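Engineer: Next up is a structure, given as C-alpha cells.
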Amino acid sequence: MSPLCGILPVDKPAGWTSFDVIAKLRGVLATRRLGHSGTLDPMATGVLPVFVGMAAKAVDLQPDHDKAYRAEVRFGLSTDTGDVTGTPVAAGENIPGAAAVEKALAAFLGPRMQTPPMYSAVKVGGVPLYKLARQGKTVERAARPVTIYRLDLVEQTAPDRFVIDIECSKGTYVRTLVEDLGAALGCPACLAALRRTRAGAFTLEGCVTLEAIQAAKEAGELEKLLLGVDTVFTHLPAAEVSEKETARLLNGAPVRRAEMAEGRWRLYAGGAFLGLGKAEDGVLRAEKLFVERA
C-alpha cells in the first residue's frame, strides 16, 4: 500500500492542543510525517488542517492563510491568559449593551497593529512566550500587523456575554482582540469560547472528528478522508506533463515548454498531481514536488 498523502481537515475538540491532535494522528495514520496549519488554543475547537505525508511540504506554501471564527465574549472579567481558563486579574460591572458592542466592533475593522499575548506560541529569544508566562515572567513583544476583514455581532446570550463572527488575517489573536474590545468599552473582557469555522481554503463543513478518523482506519478507508494536496493550489493554472518530462522534473532537470505562460503552475502526470512548477523564458522547472522520487 502506498504511503498516505493528502490533507485531513480535523474538527479539533476542546481540551486538546494542536500538538495533541498531531500526536494522536501519528498513531492512527501510522506516520510521523505530519504538519498542521494554524495552531489552536486548547479551549478552542474547529478547523485544523492536517497535512499528511508528502503533503506536509505544502503547509507554508498555502496562498490563503486567512481565518474565520465564532467567538463568545465575556464582559466584566479579564484573566492572565485572555480567556476564561486563566486566573482572574480584573473585574468590572459596567457591562455594555448590544448597541454599544456593535458600534465598538466597527472601529476594529481594517489593518491594525496587535501585540501577541504572553500566553502564545510566539518565540522570544528562542523560547515560547507561554513558557515564560508560566514562570511568571513578562517580556517585551513586538507588535505585528494584522487585518480584521469582518466583525459581526451575532447574538447576546447573557447579560455579560456576546457572540461575534470574525474574519481576519493570519497571526490575529482573538483573545487580544477581545481584550482590546473590552478596553475600548471601558469594561474588562475575555474570551469565553472560540470555534474556528475556516482556515484558508478549509471550512468546518468539510472537517472530520477524531472519532470519525479512527472509525475510517478500522474500516480501511482512511484514504477516503484525505483531500488532494492540490486543493490549496486551485488558483494556479494546470498543465499535464509527459512521462519523459516527469522523469526530468523528478531529477531536478528543466523542461522546454515554450507554450507555457510565465509563472507558477500545477503539474499533473497521468492525471495525478505531481507538484508545483515555474515557467520562465520557455523553460519549466520543478518548484515543489509532492511525490516520492524512485
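Residues in the C-alpha cells are named by chain (A, B, ... in the order shown) and by number from 1 within that chain; ligands are numbered from 1 in the order shown.
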Could you please write out, as a PyMOL selection string, every residue of stretch 3-213 of chain A that DSSP assigns to strand (DSSP E or B)?
Structural biologist: chain A and resi 6-12+34-36+45-52+67-75+77-79+83+88-91+110-114+123-124+127-128+144-158+161-168+189-199+202-203+208
Engineer: So which one's closest to A:Thr45, A:Asp165, A:Asp11, A:Asp60, A:Asp20? Using only C-alpha atoms, please.
Structural biologist: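 Among the listed residues, A:Asp11 lies closest to A:Thr45.
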Engineer: Pick out the residues sitting within 10 Å of A:Thr203, and hand them over as an MDAnalysis selection string; count only C-alpha atoms, and ignore anything fewer than 2 positions along from it in its own chain.
Structural biologist: chainID A and resid 9:11 46:49 67:68 196:201 205:207
Engineer: Would you save the residues from that selection as a tab-separated table (two decimals), in the first residue's frame, using all heavy atoms?
Structural biologist:
```tsv
chain	number	residue	atom	x	y	z
A	9	PRO	N	-8.71	17.73	7.02
A	9	PRO	CA	-9.24	18.82	7.84
A	9	PRO	C	-9.93	18.25	9.08
A	9	PRO	O	-10.96	17.59	8.98
A	9	PRO	CB	-10.25	19.51	6.91
A	9	PRO	CG	-10.03	18.91	5.55
A	9	PRO	CD	-9.50	17.54	5.80
A	10	VAL	N	-9.35	18.53	10.24
A	10	VAL	CA	-9.84	17.97	11.50
A	10	VAL	C	-10.68	19.00	12.25
A	10	VAL	O	-10.34	20.18	12.28
A	10	VAL	CB	-8.65	17.52	12.38
A	10	VAL	CG1	-9.13	17.00	13.73
A	10	VAL	CG2	-7.82	16.46	11.66
A	11	ASP	N	-11.75	18.52	12.85
A	11	ASP	CA	-12.54	19.35	13.78
A	11	ASP	C	-11.95	19.13	15.16
A	11	ASP	O	-12.27	18.15	15.84
A	11	ASP	CB	-14.01	18.95	13.73
A	11	ASP	CG	-14.90	19.85	14.58
A	11	ASP	OD1	-14.36	20.68	15.34
A	11	ASP	OD2	-16.14	19.72	14.49
A	46	GLY	N	-12.67	23.41	16.30
A	46	GLY	CA	-12.89	23.75	14.90
A	46	GLY	C	-11.78	23.37	13.96
A	46	GLY	O	-10.99	22.45	14.22
A	47	VAL	N	-11.69	24.10	12.85
A	47	VAL	CA	-10.88	23.72	11.70
A	47	VAL	C	-9.38	23.70	12.00
A	47	VAL	O	-8.79	24.73	12.32
A	47	VAL	CB	-11.15	24.68	10.52
A	47	VAL	CG1	-10.35	24.22	9.29
A	47	VAL	CG2	-12.63	24.74	10.19
A	48	LEU	N	-8.79	22.52	11.87
A	48	LEU	CA	-7.34	22.35	12.00
A	48	LEU	C	-6.88	21.47	10.83
A	48	LEU	O	-6.95	20.25	10.90
A	48	LEU	CB	-6.98	21.68	13.33
A	48	LEU	CG	-5.48	21.49	13.57
A	48	LEU	CD1	-4.79	22.84	13.78
A	48	LEU	CD2	-5.23	20.58	14.78
A	49	PRO	N	-6.43	22.09	9.74
A	49	PRO	CA	-5.97	21.29	8.59
A	49	PRO	C	-4.67	20.55	8.93
A	49	PRO	O	-3.69	21.18	9.35
A	49	PRO	CB	-5.73	22.33	7.49
A	49	PRO	CG	-6.46	23.56	7.95
A	49	PRO	CD	-6.39	23.52	9.44
A	67	LYS	N	-8.36	33.47	8.33
A	67	LYS	CA	-9.14	32.62	9.23
A	67	LYS	C	-10.51	33.24	9.50
A	67	LYS	O	-10.71	34.44	9.33
A	67	LYS	CB	-8.40	32.44	10.57
A	67	LYS	CG	-6.94	32.02	10.48
A	67	LYS	CD	-6.78	30.62	9.98
A	67	LYS	CE	-5.37	30.09	10.22
A	67	LYS	NZ	-4.31	30.85	9.55
A	68	ALA	N	-11.44	32.40	9.94
A	68	ALA	CA	-12.75	32.86	10.39
A	68	ALA	C	-13.09	32.15	11.69
A	68	ALA	O	-12.78	30.96	11.85
A	68	ALA	CB	-13.82	32.59	9.33
A	196	ARG	N	-13.14	27.84	15.41
A	196	ARG	CA	-12.66	28.28	14.10
A	196	ARG	C	-13.53	27.64	13.02
A	196	ARG	O	-13.68	26.42	12.98
A	196	ARG	CB	-11.19	27.91	13.89
A	196	ARG	CG	-10.64	28.47	12.59
A	196	ARG	CD	-9.14	28.71	12.66
A	196	ARG	NE	-8.39	27.47	12.73
A	196	ARG	CZ	-7.10	27.40	13.05
A	196	ARG	NH1	-6.44	28.50	13.38
A	196	ARG	NH2	-6.47	26.25	13.09
A	197	THR	N	-14.08	28.48	12.17
A	197	THR	CA	-15.00	28.00	11.15
A	197	THR	C	-14.37	27.91	9.77
A	197	THR	O	-14.92	27.26	8.87
A	197	THR	CB	-16.25	28.90	11.08
A	197	THR	OG1	-15.83	30.25	10.85
A	197	THR	CG2	-17.02	28.85	12.40
A	198	ARG	N	-13.21	28.55	9.59
A	198	ARG	CA	-12.49	28.46	8.32
A	198	ARG	C	-11.02	28.74	8.55
A	198	ARG	O	-10.65	29.59	9.34
A	198	ARG	CB	-13.04	29.46	7.30
A	198	ARG	CG	-12.36	29.38	5.93
A	198	ARG	CD	-13.00	30.32	4.91
A	198	ARG	NE	-12.77	31.72	5.22
A	198	ARG	CZ	-11.66	32.39	4.90
A	198	ARG	NH1	-10.67	31.77	4.28
A	198	ARG	NH2	-11.52	33.66	5.21
A	199	ALA	N	-10.18	27.98	7.84
A	199	ALA	CA	-8.74	28.22	7.83
A	199	ALA	C	-8.28	28.12	6.39
A	199	ALA	O	-8.22	27.02	5.83
A	199	ALA	CB	-8.01	27.21	8.71
A	200	GLY	N	-8.02	29.25	5.76
A	200	GLY	CA	-7.65	29.23	4.36
A	200	GLY	C	-8.78	28.67	3.52
A	200	GLY	O	-9.92	29.14	3.57
A	201	ALA	N	-8.49	27.62	2.76
A	201	ALA	CA	-9.48	27.02	1.87
A	201	ALA	C	-10.38	26.00	2.58
A	201	ALA	O	-11.31	25.47	1.97
A	201	ALA	CB	-8.78	26.34	0.70
A	205	GLU	N	-17.51	22.70	7.53
A	205	GLU	CA	-18.39	21.70	6.92
A	205	GLU	C	-17.60	20.53	6.34
A	205	GLU	O	-18.12	19.41	6.23
A	205	GLU	CB	-19.23	22.35	5.81
A	205	GLU	CG	-20.28	23.34	6.30
A	205	GLU	CD	-19.70	24.67	6.76
A	205	GLU	OE1	-18.55	24.98	6.39
A	205	GLU	OE2	-20.39	25.40	7.51
A	206	GLY	N	-16.35	20.76	5.98
A	206	GLY	CA	-15.54	19.69	5.39
A	206	GLY	C	-14.66	18.97	6.38
A	206	GLY	O	-13.86	18.10	5.98
A	207	CYS	N	-14.78	19.29	7.67
A	207	CYS	CA	-13.92	18.68	8.69
A	207	CYS	C	-14.48	17.35	9.20
A	207	CYS	O	-15.68	17.09	9.13
A	207	CYS	CB	-13.73	19.64	9.86
A	207	CYS	SG	-12.66	21.04	9.49
```
Engineer: Using only C-alpha atoms, find the one residue out of A:Lys244, A:Arg256, A:Arg26, A:Arg266 that sits nearest to A:Thr231.
Structural biologist: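 Counting only C-alpha atoms, the residue closest to A:Thr231 is A:Arg266.
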Engineer: Just want the 7 Å neighbourhood of A:Arg257, counted on only C-alpha atoms, with same-chain residues fewer than 4 positions away dropped. Output as a compact mmCIF listing (two decimals) with N, CA, C and O atoms, in the first residue's frame.
Structural biologist:
```
# COMPACT_ATOMS: atom_id res chain seq x y z
N GLY A 282 10.29 30.20 -21.44
CA GLY A 282 10.06 28.98 -22.18
C GLY A 282 10.60 27.72 -21.53
O GLY A 282 10.62 26.65 -22.14
N VAL A 283 11.04 27.83 -20.29
CA VAL A 283 11.60 26.69 -19.57
C VAL A 283 10.79 26.44 -18.30
O VAL A 283 10.49 27.37 -17.55
N LEU A 284 10.43 25.18 -18.08
CA LEU A 284 9.67 24.79 -16.89
C LEU A 284 10.60 24.08 -15.92
O LEU A 284 11.30 23.12 -16.28
```
